[in-house]
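Undergrad: Below is one structure. I have some questions about it.
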Amino acid sequence: MDPQEFERHFSGIVVSDGSSPDLGDLSYLRKDKYEADMAAQIAAASRIELSALSSASAPAVKILYSRENFPSISRTENCAAALTAAEAIGLRPSPRTFHKHVIRVVQGLKTIFLIDQRLSPYAGSDAVKPPPSMRALASGEGQSCIAACSSKGLRCDASLFDFVNDCKSLHSLFACEKGCDYNVGPDIPNYVSSARNGKHFGKCLVTDTFPTCDATHWSTNRICPCA
């Protein structure tokens, strides 16, 4: 990891000394109570755009995002991506530590809810749904989603990967005989079909990075969002 990135994201984390602090009453973490409280807080929060965050006066605000709007550092181009939700709020480049695809951040007296507009049930009427024409198709081994979709007269739409990047979708097309696991790579989500890839052979893989339509891997069959 880049030292500056480590300093920005992890230097403020206190390392445990092994003791067990008194955490008080944790009953608010019971699933029913936690979800009811989260829903109430999000409903009461003011909906704003990211550009209005610095001037927002409300004590709680909510911002809808899509995963590609989180920043990524392009090391091949040696430049930073444009300022986006995560960069502005100081989060890591990909969404993590969320509840039902909502990230809750407290900055001073302000609470910020970042809500995935495709995947979170808390997006409500602002939710983005997959188009009725979308089909999840399996690629051939080592084949790109561009080629797989094209073979059926369709087009791969990278913005739809969120709707197939889950174990249930993968199980609908592949055996996944060694279960479902996490990894990173532009060809994921996929199924590792080649026995030559001994470490992951037989697994279905999901990711929190950003799949591309043109990516391929010699040992995998991809799940492709075609429209």
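Each chain in the structure tokens gets a letter, A, B and so on, in the order shown; residues start at 1 in every chain, and ligands are counted from 1 in the order they appear.
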May I have a table of the residues of region 95-166 of chain A lying at most 12 Å from region 20-35 of chain A, giving each one's closest pair of atoms and their distance in Å to one decimal, counting only C-alpha atoms, ordered by chain and ascending residue number, as JSON lines?
TA:
{"residue": "A:His99", "atom": "CA", "partner": "A:Glu35", "partner_atom": "CA", "distance": 8.9}
{"residue": "A:Lys100", "atom": "CA", "partner": "A:Glu35", "partner_atom": "CA", "distance": 9.4}
{"residue": "A:Val102", "atom": "CA", "partner": "A:Glu35", "partner_atom": "CA", "distance": 11.3}
{"residue": "A:Pro121", "atom": "CA", "partner": "A:Glu35", "partner_atom": "CA", "distance": 11.3}
{"residue": "A:Tyr122", "atom": "CA", "partner": "A:Glu35", "partner_atom": "CA", "distance": 10.4}
Undergrad: Determine, counting only C-alpha atoms, which protein, DNA and RNA residues have an atom within 12 Å of an atom of Ser159 (chain A); residues of the same chain fewer than 6 positions away are not included. Present the result as a count of residues only.
TA: 20
Undergrad: Run DSSP on the backbone and tell me which residues of region 6-210 of chain A come out as strand (DSSP E); list them as a PyMOL selection string.
TA: chain A and resi 46-47+60-65+73-74+79-80+102-107+110-116+135-138+180-182+190-192+204-206
Undergrad: Figure out the distance between CA of Cys167 (chain A) and CA of Thr209 (chain A), please, to one decimal in Å.
TA: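 We find that CA of Thr209 (chain A) and CA of Cys167 (chain A) lie 15.4 Å from each other.
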Undergrad: So what do you get for CA of Ala127 (chain A) versus CA of Phe163 (chain A), distance-wise?
TA: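 Distance between the two atoms: 12.5 Å.
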Undergrad: What is the distance, in Å and to one decimal place, between CA of Asp162 (chain A) and CA of Asp181 (chain A)?
TA: 16.1 Å
Undergrad: Do you have, as JSON lines, the list of residues of region 102-169 of chain A lying at most 10 Å from region 185-208 of chain A, each with its nearest atom pair and that distance in Å to one decimal, counting only C-alpha atoms and ordered by chain then number?
TA:
{"residue": "A:Ala138", "atom": "CA", "partner": "A:Asn190", "partner_atom": "CA", "distance": 8.6}
{"residue": "A:Ser139", "atom": "CA", "partner": "A:Asn190", "partner_atom": "CA", "distance": 9.0}
{"residue": "A:Gly140", "atom": "CA", "partner": "A:Ser193", "partner_atom": "CA", "distance": 9.6}
{"residue": "A:Glu141", "atom": "CA", "partner": "A:Ser193", "partner_atom": "CA", "distance": 7.0}
{"residue": "A:Gly142", "atom": "CA", "partner": "A:Ser193", "partner_atom": "CA", "distance": 9.5}
{"residue": "A:Gln143", "atom": "CA", "partner": "A:Asp187", "partner_atom": "CA", "distance": 9.7}
{"residue": "A:Ser144", "atom": "CA", "partner": "A:Asp187", "partner_atom": "CA", "distance": 8.0}
{"residue": "A:Cys145", "atom": "CA", "partner": "A:Asp187", "partner_atom": "CA", "distance": 8.7}
{"residue": "A:Phe161", "atom": "CA", "partner": "A:Pro189", "partner_atom": "CA", "distance": 8.2}
{"residue": "A:Asp162", "atom": "CA", "partner": "A:Asp208", "partner_atom": "CA", "distance": 9.4}
{"residue": "A:Val164", "atom": "CA", "partner": "A:Pro189", "partner_atom": "CA", "distance": 7.6}
{"residue": "A:Asn165", "atom": "CA", "partner": "A:Pro189", "partner_atom": "CA", "distance": 5.5}
{"residue": "A:Asp166", "atom": "CA", "partner": "A:Val206", "partner_atom": "CA", "distance": 6.1}
{"residue": "A:Cys167", "atom": "CA", "partner": "A:Val206", "partner_atom": "CA", "distance": 7.0}
{"residue": "A:Ser169", "atom": "CA", "partner": "A:Pro189", "partner_atom": "CA", "distance": 9.6}
Undergrad: Please produce an output containing N, CA and C atoms for each residue in the selection, written as a compact mmCIF listing (two decimals), in the first residue's frame.
TA:
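Result file follows (selection-v8.txt):
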# COMPACT_ATOMS: atom_id res chain seq x y z
N ALA A 138 -23.57 -16.47 -19.26
CA ALA A 138 -22.25 -17.02 -18.95
C ALA A 138 -21.37 -16.92 -20.19
N SER A 139 -20.16 -16.43 -19.99
CA SER A 139 -19.20 -16.39 -21.10
C SER A 139 -18.53 -17.75 -21.24
N GLY A 140 -17.86 -17.94 -22.34
CA GLY A 140 -17.01 -19.11 -22.46
C GLY A 140 -15.73 -18.91 -21.66
N GLU A 141 -15.00 -19.97 -21.44
CA GLU A 141 -13.75 -19.87 -20.68
C GLU A 141 -12.78 -18.92 -21.41
N GLY A 142 -12.28 -17.93 -20.68
CA GLY A 142 -11.34 -16.97 -21.25
C GLY A 142 -11.99 -15.95 -22.18
N GLN A 143 -13.31 -15.89 -22.21
CA GLN A 143 -14.01 -15.00 -23.12
C GLN A 143 -14.44 -13.72 -22.40
N SER A 144 -14.42 -12.60 -23.10
CA SER A 144 -14.87 -11.34 -22.52
C SER A 144 -16.40 -11.26 -22.54
N CYS A 145 -16.93 -10.34 -21.75
CA CYS A 145 -18.38 -10.13 -21.76
C CYS A 145 -18.82 -9.42 -23.03
N PHE A 161 -23.16 -4.47 -13.78
CA PHE A 161 -22.46 -5.55 -13.07
C PHE A 161 -22.91 -5.68 -11.62
N ASP A 162 -23.30 -4.57 -10.99
CA ASP A 162 -23.75 -4.65 -9.60
C ASP A 162 -24.90 -5.62 -9.42
N VAL A 164 -25.35 -8.47 -10.90
CA VAL A 164 -24.98 -9.89 -11.05
C VAL A 164 -23.75 -10.25 -10.21
N ASN A 165 -23.23 -9.28 -9.45
CA ASN A 165 -22.03 -9.48 -8.65
C ASN A 165 -22.40 -10.03 -7.27
N ASP A 166 -23.01 -11.19 -7.26
CA ASP A 166 -23.42 -11.81 -6.01
C ASP A 166 -23.46 -13.33 -6.20
N CYS A 167 -23.38 -14.02 -5.09
CA CYS A 167 -23.30 -15.48 -5.16
C CYS A 167 -24.56 -16.12 -5.73
N SER A 169 -26.61 -14.97 -8.04
CA SER A 169 -26.61 -14.87 -9.50
C SER A 169 -25.62 -15.86 -10.11
Undergrad: Based on the backbone DSSP call, show me all residues of region 63-209 of chain A assigned helix (DSSP H, G or I), as a PyMOL selection string.
TA: chain A and resi 67-69+85-89+121-126+145-150+158-163+167-171
Undergrad: Would you pick out the contacts of region 52-60 of chain A at 10 Å or less, using only C-alpha atoms, so that residues sharing its chain but fewer than 6 positions from it are not included, and give the list as a PyMOL selection string?
TA: chain A and resi 41-46+85+88-89+105-106+108-113
Undergrad: Which residues are close to Phe98 (chain A), i.e. within 10 Å by only C-alpha atoms, leaving aside same-chain residues fewer than 3 positions away? Reply as a VMD selection string.
TA: chain A and resid 95 101 to 104 114 to 116
Undergrad: The selected residues should be written to file as a CSV table (one decimal), in the first residue's frame (atoms: N, CA and C atoms).
TA:
chain,number,residue,atom,x,y,z
A,95,PRO,N,-16.5,0.8,-1.6
A,95,PRO,CA,-17.4,0.8,-0.5
A,95,PRO,C,-17.2,-0.4,0.4
A,101,HIS,N,-25.7,-1.9,2.2
A,101,HIS,CA,-25.2,-1.0,1.2
A,101,HIS,C,-25.4,0.5,1.6
A,102,VAL,N,-25.4,0.8,2.9
A,102,VAL,CA,-25.4,2.2,3.4
A,102,VAL,C,-24.2,2.3,4.2
A,103,ILE,N,-23.4,3.3,3.9
A,103,ILE,CA,-22.2,3.7,4.7
A,103,ILE,C,-22.6,4.9,5.6
A,104,ARG,N,-22.4,4.8,6.9
A,104,ARG,CA,-22.7,5.9,7.8
A,104,ARG,C,-21.4,6.5,8.3
A,114,LEU,N,-24.2,7.5,3.0
A,114,LEU,CA,-23.9,7.2,1.6
A,114,LEU,C,-24.7,6.0,1.2
A,115,ILE,N,-25.6,6.1,0.3
A,115,ILE,CA,-26.6,5.1,0.0
A,115,ILE,C,-26.4,4.6,-1.5
A,116,ASP,N,-26.1,3.3,-1.6
A,116,ASP,CA,-25.9,2.7,-3.0
A,116,ASP,C,-27.2,2.7,-3.7
Undergrad: Considering only C-alpha atoms, state which residue in the set A:Ile48, A:Arg222, A:Leu160, A:Arg96 is at the smallest distance from Pro132 (chain A).
TA: A:Leu160
Undergrad: Counting only C-alpha atoms, figure out which residue out of A:Asp126, A:Ser51, A:Thr97, A:Ala40 gets nearest to Leu64 (chain A).
TA: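 Among A:Asp126, A:Ser51, A:Thr97, A:Ala40, it is A:Asp126 that comes nearest to Leu64 (chain A).
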Undergrad: I'd like to know which of A:Leu170, A:Ser120, A:Ile223, A:Asp37 is closest to Cys149 (chain A), using only C-alpha atoms.
TA: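 Selected residue with least distance to Cys149 (chain A): A:Ile223.
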